[in-house]
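Peer 1: This is start18.cif (mmCIF, C-alpha atoms).
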data_start
#
loop_
_atom_site.group_PDB
_atom_site.id
_atom_site.type_symbol
_atom_site.label_atom_id
_atom_site.label_comp_id
_atom_site.auth_asym_id
_atom_site.auth_seq_id
_atom_site.Cartn_x
_atom_site.Cartn_y
_atom_site.Cartn_z
ATOM 1 C CA VAL A 1 0.000 0.000 0.000
ATOM 2 C CA ILE A 2 1.163 3.541 -0.727
ATOM 3 C CA ASP A 3 1.028 5.661 2.443
ATOM 4 C CA PRO A 4 -1.084 3.419 4.708
ATOM 5 C CA VAL A 5 -0.896 6.011 7.511
ATOM 6 C CA GLY A 6 -1.977 8.901 5.280
ATOM 7 C CA THR A 7 -4.886 6.925 3.866
ATOM 8 C CA GLY A 8 -6.007 5.938 7.375
ATOM 9 C CA LEU A 9 -5.458 2.197 7.053
ATOM 10 C CA VAL A 10 -3.074 1.997 10.026
ATOM 11 C CA ALA A 11 -2.239 4.160 13.032
ATOM 12 C CA SER A 12 1.522 4.125 12.348
ATOM 13 C CA LEU A 13 4.078 2.030 10.520
ATOM 14 C CA ALA A 14 5.746 0.955 13.761
ATOM 15 C CA HIS A 15 2.456 0.042 15.473
ATOM 16 C CA PRO A 16 -0.198 -0.564 12.818
ATOM 17 C CA GLY A 17 -2.887 -1.763 15.261
ATOM 18 C CA GLY A 18 -6.006 -3.624 14.173
ATOM 19 C CA ASN A 19 -5.699 -6.499 11.737
ATOM 20 C CA LEU A 20 -3.421 -4.859 9.192
ATOM 21 C CA THR A 21 0.297 -5.017 8.651
ATOM 22 C CA GLY A 22 2.620 -5.655 5.770
ATOM 23 C CA LEU A 23 4.623 -3.640 3.327
ATOM 24 C CA ALA A 24 4.255 0.097 2.768
ATOM 25 C CA ILE A 25 5.441 1.257 -0.624
ATOM 26 C CA ALA A 26 7.304 4.536 -0.542
ATOM 27 C CA GLU A 27 5.879 7.303 -2.711
ATOM 28 C CA LEU A 28 8.557 7.821 -5.350
ATOM 29 C CA SER A 29 6.925 10.375 -7.648
ATOM 30 C CA ALA A 30 9.529 13.056 -6.998
ATOM 31 C CA LYS A 31 12.400 10.721 -7.832
ATOM 32 C CA ARG A 32 10.657 9.393 -10.950
ATOM 33 C CA LEU A 33 10.044 12.889 -12.313
ATOM 34 C CA GLU A 34 13.598 13.902 -11.466
ATOM 35 C CA VAL A 35 15.019 10.924 -13.391
ATOM 36 C CA LEU A 36 12.717 11.571 -16.356
ATOM 37 C CA LYS A 37 13.793 15.238 -16.451
ATOM 38 C CA GLU A 38 17.478 14.216 -16.304
ATOM 39 C CA VAL A 39 17.021 11.872 -19.259
ATOM 40 C CA VAL A 40 15.026 14.422 -21.304
ATOM 41 C CA PRO A 41 15.982 17.868 -19.906
ATOM 42 C CA SER A 42 13.677 19.781 -22.284
ATOM 43 C CA LEU A 43 10.522 18.366 -20.686
ATOM 44 C CA SER A 44 8.185 21.070 -19.471
ATOM 45 C CA ASN A 45 4.658 19.645 -19.567
ATOM 46 C CA GLY A 46 3.375 16.160 -19.070
ATOM 47 C CA ALA A 47 0.305 13.988 -18.969
ATOM 48 C CA VAL A 48 -0.337 11.949 -15.849
ATOM 49 C CA LEU A 49 -2.556 8.920 -16.342
ATOM 50 C CA TRP A 50 -4.053 7.587 -13.113
ATOM 51 C CA ASN A 51 -6.985 5.750 -11.579
ATOM 52 C CA ALA A 52 -8.891 8.317 -9.518
ATOM 53 C CA ALA A 53 -11.126 5.585 -8.079
ATOM 54 C CA ASN A 54 -8.137 4.299 -6.083
ATOM 55 C CA PRO A 55 -7.681 6.372 -2.870
ATOM 56 C CA ALA A 56 -3.941 5.603 -2.741
ATOM 57 C CA ASN A 57 -3.528 7.222 -6.136
ATOM 58 C CA ALA A 58 -4.921 10.504 -4.812
ATOM 59 C CA VAL A 59 -1.906 10.601 -2.465
ATOM 60 C CA ALA A 60 0.444 9.713 -5.337
ATOM 61 C CA TRP A 61 -1.128 12.420 -7.530
ATOM 62 C CA ARG A 62 -0.576 15.097 -4.850
ATOM 63 C CA GLU A 63 3.048 13.994 -4.444
ATOM 64 C CA THR A 64 3.520 14.059 -8.205
ATOM 65 C CA GLU A 65 2.083 17.592 -8.407
ATOM 66 C CA ASN A 66 4.410 18.758 -5.623
ATOM 67 C CA ALA A 67 7.433 17.221 -7.346
ATOM 68 C CA ALA A 68 6.462 18.829 -10.655
ATOM 69 C CA ARG A 69 6.304 22.304 -9.068
ATOM 70 C CA VAL A 70 9.839 21.896 -7.725
ATOM 71 C CA LEU A 71 11.068 20.810 -11.166
ATOM 72 C CA SER A 72 9.123 23.582 -12.999
ATOM 73 C CA VAL A 73 7.060 21.034 -14.901
ATOM 74 C CA VAL A 74 3.368 21.538 -15.665
ATOM 75 C CA LEU A 75 1.192 18.446 -15.361
ATOM 76 C CA GLN A 76 -2.193 17.658 -16.846
ATOM 77 C CA SER A 77 -4.182 15.059 -14.923
ATOM 78 C CA TYR A 78 -6.013 12.358 -16.861
ATOM 79 C CA GLU A 79 -8.211 10.605 -14.335
ATOM 80 C CA LEU A 80 -9.581 7.193 -15.170
ATOM 81 C CA ARG A 81 -12.097 5.236 -13.151
ATOM 82 C CA ASN A 82 -12.592 2.172 -15.343
ATOM 83 C CA VAL A 83 -11.525 0.554 -18.596
ATOM 84 C CA ASN A 84 -14.010 2.628 -20.625
ATOM 85 C CA ASP A 85 -12.100 5.831 -19.814
ATOM 86 C CA PHE A 86 -8.897 4.902 -21.668
ATOM 87 C CA GLU A 87 -10.059 5.837 -25.157
ATOM 88 C CA GLY A 88 -11.161 9.342 -24.150
ATOM 89 C CA ALA A 89 -8.010 9.958 -22.121
ATOM 90 C CA PHE A 90 -5.790 8.830 -24.996
ATOM 91 C CA ALA A 91 -7.667 11.098 -27.437
ATOM 92 C CA SER A 92 -7.251 14.092 -25.092
ATOM 93 C CA ILE A 93 -3.567 13.403 -24.504
ATOM 94 C CA ALA A 94 -2.929 13.059 -28.252
ATOM 95 C CA GLN A 95 -4.698 16.366 -28.870
ATOM 96 C CA GLN A 96 -2.793 18.203 -26.090
ATOM 97 C CA ARG A 97 0.619 16.893 -27.268
ATOM 98 C CA PRO A 98 2.447 16.819 -23.900
ATOM 99 C CA ASP A 99 6.203 16.289 -23.663
ATOM 100 C CA PHE A 100 5.902 13.061 -21.679
ATOM 101 C CA LEU A 101 3.572 10.477 -20.175
ATOM 102 C CA TYR A 102 3.730 9.555 -16.503
ATOM 103 C CA VAL A 103 1.637 6.650 -15.188
ATOM 104 C CA LEU A 104 0.576 6.117 -11.574
ATOM 105 C CA GLN A 105 0.354 2.346 -11.256
ATOM 106 C CA ASP A 106 -2.452 0.338 -9.762
ATOM 107 C CA ALA A 107 -4.380 -2.754 -10.857
ATOM 108 C CA LEU A 108 -6.310 -0.890 -13.584
ATOM 109 C CA MET A 109 -3.166 0.556 -15.154
ATOM 110 C CA LEU A 110 -1.175 -2.645 -14.761
ATOM 111 C CA SER A 111 -3.865 -4.737 -16.442
ATOM 112 C CA HIS A 112 -3.850 -2.336 -19.423
ATOM 113 C CA ARG A 113 -0.118 -1.711 -19.621
ATOM 114 C CA ARG A 114 0.220 -3.037 -23.170
ATOM 115 C CA GLN A 115 -2.380 -0.528 -24.374
ATOM 116 C CA ILE A 116 -0.655 2.329 -22.471
ATOM 117 C CA ILE A 117 2.818 1.391 -23.734
ATOM 118 C CA ASP A 118 1.555 1.163 -27.322
ATOM 119 C CA PHE A 119 -0.087 4.590 -27.020
ATOM 120 C CA ALA A 120 3.104 6.169 -25.640
ATOM 121 C CA SER A 121 5.196 4.577 -28.410
ATOM 122 C CA GLN A 122 2.825 5.561 -31.208
ATOM 123 C CA ASN A 123 2.762 9.152 -29.941
ATOM 124 C CA ARG A 124 6.523 9.229 -29.292
ATOM 125 C CA LEU A 125 6.009 10.201 -25.665
ATOM 126 C CA PRO A 126 8.894 9.603 -23.286
ATOM 127 C CA SER A 127 7.287 7.652 -20.478
ATOM 128 C CA MET A 128 7.990 6.812 -16.841
ATOM 129 C CA PHE A 129 6.522 3.784 -15.140
ATOM 130 C CA VAL A 130 6.630 2.140 -11.730
ATOM 131 C CA GLY A 131 7.879 -1.361 -12.468
ATOM 132 C CA LYS A 132 10.323 -3.248 -14.638
ATOM 133 C CA GLU A 133 7.540 -5.228 -16.327
ATOM 134 C CA TRP A 134 6.579 -2.012 -18.165
ATOM 135 C CA VAL A 135 10.100 -1.619 -19.563
ATOM 136 C CA GLU A 136 10.316 -5.305 -20.481
ATOM 137 C CA GLU A 137 7.156 -4.839 -22.571
ATOM 138 C CA GLY A 138 8.457 -1.748 -24.379
ATOM 139 C CA GLY A 139 8.008 1.220 -22.022
ATOM 140 C CA LEU A 140 10.855 3.724 -21.887
ATOM 141 C CA MET A 141 11.885 3.650 -18.215
ATOM 142 C CA CYS A 142 10.873 2.801 -14.688
ATOM 143 C CA TYR A 143 11.940 3.453 -11.148
ATOM 144 C CA GLY A 144 10.404 1.506 -8.330
ATOM 145 C CA VAL A 145 10.512 -1.233 -5.784
ATOM 146 C CA ARG A 146 12.304 -4.451 -6.708
ATOM 147 C CA LEU A 147 9.212 -6.641 -6.802
ATOM 148 C CA PRO A 148 10.847 -10.079 -6.386
ATOM 149 C CA GLU A 149 12.427 -8.885 -3.127
ATOM 150 C CA TRP A 150 9.133 -7.341 -2.077
ATOM 151 C CA TYR A 151 7.267 -10.606 -2.663
ATOM 152 C CA ARG A 152 9.799 -12.477 -0.502
ATOM 153 C CA ARG A 153 9.261 -9.937 2.281
ATOM 154 C CA ALA A 154 5.492 -10.379 1.996
ATOM 155 C CA ALA A 155 5.891 -14.144 2.316
ATOM 156 C CA SER A 156 7.748 -13.650 5.605
ATOM 157 C CA TYR A 157 4.722 -11.769 6.968
ATOM 158 C CA VAL A 158 2.405 -14.588 5.927
ATOM 159 C CA ASP A 159 4.691 -17.073 7.685
ATOM 160 C CA LYS A 160 4.747 -15.022 10.904
ATOM 161 C CA ILE A 161 0.966 -14.595 10.963
ATOM 162 C CA LEU A 162 0.336 -18.275 10.229
ATOM 163 C CA SER A 163 2.752 -19.059 13.064
ATOM 164 C CA GLY A 164 0.581 -17.080 15.487
ATOM 165 C CA ALA A 165 1.881 -13.493 15.380
ATOM 166 C CA LYS A 166 -0.757 -10.778 15.574
ATOM 167 C CA PRO A 167 -0.742 -8.358 12.619
ATOM 168 C CA ALA A 168 -1.126 -5.407 15.006
ATOM 169 C CA ASP A 169 2.232 -6.326 16.588
ATOM 170 C CA LEU A 170 4.184 -6.568 13.318
ATOM 171 C CA PRO A 171 5.604 -3.230 12.157
ATOM 172 C CA MET A 172 5.033 -2.354 8.518
ATOM 173 C CA GLU A 173 8.161 -2.368 6.389
ATOM 174 C CA GLN A 174 9.235 0.069 3.725
ATOM 175 C CA PRO A 175 11.459 -0.873 0.792
ATOM 176 C CA THR A 176 15.209 -0.470 0.860
ATOM 177 C CA LEU A 177 16.003 -1.799 -2.629
ATOM 178 C CA PHE A 178 14.878 0.033 -5.756
ATOM 179 C CA GLU A 179 15.191 -0.629 -9.447
ATOM 180 C CA LEU A 180 15.948 1.810 -12.270
ATOM 181 C CA ALA A 181 15.517 0.306 -15.724
ATOM 182 C CA PHE A 182 15.704 1.741 -19.246
ATOM 183 C CA ASN A 183 14.531 0.354 -22.547
ATOM 184 C CA LEU A 184 17.558 0.827 -24.792
ATOM 185 C CA LYS A 185 15.560 0.194 -27.967
#
Go through the file and emit its structure as structure tokens.
Peer 2:
Amino acid sequence: VIDPVGTGLVASLAHPGGNLTGLAIAELSAKRLEVLKEVVPSLSNGAVLWNAANPANAVAWRETENAARVLSVVLQSYELRNVNDFEGAFASIAQQRPDFLYVLQDALMLSHRRQIIDFASQNRLPSMFVGKEWVEEGGLMCYGVRLPEWYRRAASYVDKILSGAKPADLPMEQPTLFELAFNLK
């Protein structure tokens, strides 16, 4: 979860309370925009594609806006709520002709990544994504949590809980290993 404290899911990372614990993904929007701007220094305005129906993405959108202000980049938000919104968002983005595409990942975006990657490629939009799977399928670059390591950490929580530990007593972890990947094609 992105920002479980800020979204009200847990009381604190150290003492989550209730029946929730696990892994808290760090919000990396500032770093992603910084890397994108380093790779393509002329970037000044971008399109941000995100699922507004996901409360965690509202936090990520605010962080992305804050990072953009610091970097003197103007962002246009393209809020999706379901699969039917992609076509309209793509048409608007193509008409606006931004310098880059930035995607806030969640299940909706991940399940339609091929469509998003194809759109970015066809419109020659430098693009930044969250995970390596986007780059492996043709996206330009990503910066995010190393998912295989993250899955191993999640399995350790399952083991502890199945062995009798109470979720409320297990502090939430944040990542310490990150991945930066580029598509050299």
Peer 1: May I ask which of the residues A:Lys185, A:Thr21, A:Leu108, A:Ser29 is the closest one to Lys160 (chain A), counting only C-alpha atoms?
Peer 2: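 Looking only at the distances to Lys160 (chain A), the closest residue turns out to be A:Thr21.
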Peer 1: Write out as CSV the residues of region 92-178 of chain A that have any atom within 10 Å of an atom of region 1-19 of chain A, one row each with the nearest atom pair and its distance in Å to one decimal, counting only C-alpha atoms, sorted by chain and then rising number.
Peer 2:
residue,atom,partner,partner_atom,distance
A:Lys166,CA,A:Asn19,CA,7.6
A:Pro167,CA,A:Asn19,CA,5.4
A:Ala168,CA,A:Gly17,CA,4.1
A:Asp169,CA,A:His15,CA,6.5
A:Leu170,CA,A:His15,CA,7.2
A:Pro171,CA,A:Ala14,CA,4.5
A:Met172,CA,A:Leu13,CA,4.9
A:Glu173,CA,A:Leu13,CA,7.3
A:Gln174,CA,A:Leu13,CA,8.8
Peer 1: Restricting the calculation to only C-alpha atoms: of A:Ala30, A:Met109, A:Ile117, A:Leu23, which residue gets closest to Tyr143 (chain A)?
Peer 2: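 Among A:Ala30, A:Met109, A:Ile117, A:Leu23, it is A:Ala30 that comes nearest to Tyr143 (chain A).
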Peer 1: Selection in question (the file shown): the PyMOL selection byres ((chain A and resi 27) around 12). Which residues does it include, as JSON, numbers by chain?
Peer 2: {"A": [1, 2, 3, 4, 6, 24, 25, 26, 28, 29, 30, 31, 32, 33, 56, 57, 58, 59, 60, 61, 62, 63, 64, 66, 67, 104, 105, 130, 143, 144, 145, 174, 175, 178]}
Peer 1: One decimal, Å: what's the distance from CA of Arg113 (chain A) over to CA of Leu71 (chain A), could you say?
Peer 2: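 Between these atoms lies a distance of 26.5 Å.
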Peer 1: A:His112, A:Lys132, A:Arg69, A:Lys37: which is nearest Phe86 (chain A), counting all atoms listed in the file?
Peer 2: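 Of A:His112, A:Lys132, A:Arg69, A:Lys37, the one nearest Phe86 (chain A) is A:His112, counting all atoms listed in the file.
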Peer 1: Between CA of Gly139 (chain A) and CA of Ser121 (chain A), what is the distance, to one decimal in Å?
Peer 2: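 A separation of 7.7 Å between them.
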Peer 1: Do you know which residues are at most 8 Å from Cys142 (chain A) counting only C-alpha atoms, after dropping those on the same chain fewer than 2 positions away, and could you put them as a count of residues only?
Peer 2: 14
Peer 1: Rounded to one decimal, what separation in Å do you get between CA of Arg114 (chain A) and CA of Glu133 (chain A)?
Peer 2: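 One can read the CA of Arg114 (chain A) to CA of Glu133 (chain A) distance as 10.3 Å.
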Peer 1: Contacts of Ala53 (chain A) at 12 Å or less, counting all atoms listed in the file, minus same-chain residues fewer than 6 places along, as a list of chain:residue names?
Peer 2: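 Counting only the stated atoms, we get A:Val59, A:Glu79, A:Leu80, A:Arg81, A:Asn82, A:Val83, A:Asp85, A:Asp106, A:Ala107, A:Leu108, A:Met109.
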Peer 1: Draw an axis-aligned box over all listed atoms of region 164-178 of chain A, pad each side with 4 Å, and write its centre and edge lengths in Å, one decimal, as AutoDock Vina command-line options.
Peer 2:
--center_x 7.4 --center_y -8.5 --center_z 5.4 --size_x 25.1 --size_y 25.1 --size_z 30.3
Peer 1: Restricting the calculation to only C-alpha atoms: of A:Gly164, A:Pro148, A:Gly46, A:Pro55, which residue gets closest to Leu125 (chain A)?
Peer 2: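 Counting only C-alpha atoms, the residue closest to Leu125 (chain A) is A:Gly46.
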Peer 1: Quick one: which residues end up in the PyMOL selection byres ((chain A and resi 101) around 8) for this structure, as a list of chain:residue names?
Peer 2: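 The output of the PyMOL selection byres ((chain A and resi 101) around 8) on this file is A:Gly46, A:Ala47, A:Val48, A:Leu49, A:Pro98, A:Asp99, A:Phe100, A:Tyr102, A:Val103, A:Ala120, A:Leu125, A:Pro126, A:Ser127, A:Met128.
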Peer 1: Taking the file as I've supplied it (selection: the PyMOL selection byres ((chain A and resi 156) around 12)), which residues are included? Please answer as a PyMOL selection string.
Peer 2: chain A and resi 21-23+149-155+157-163+165+170+172-173
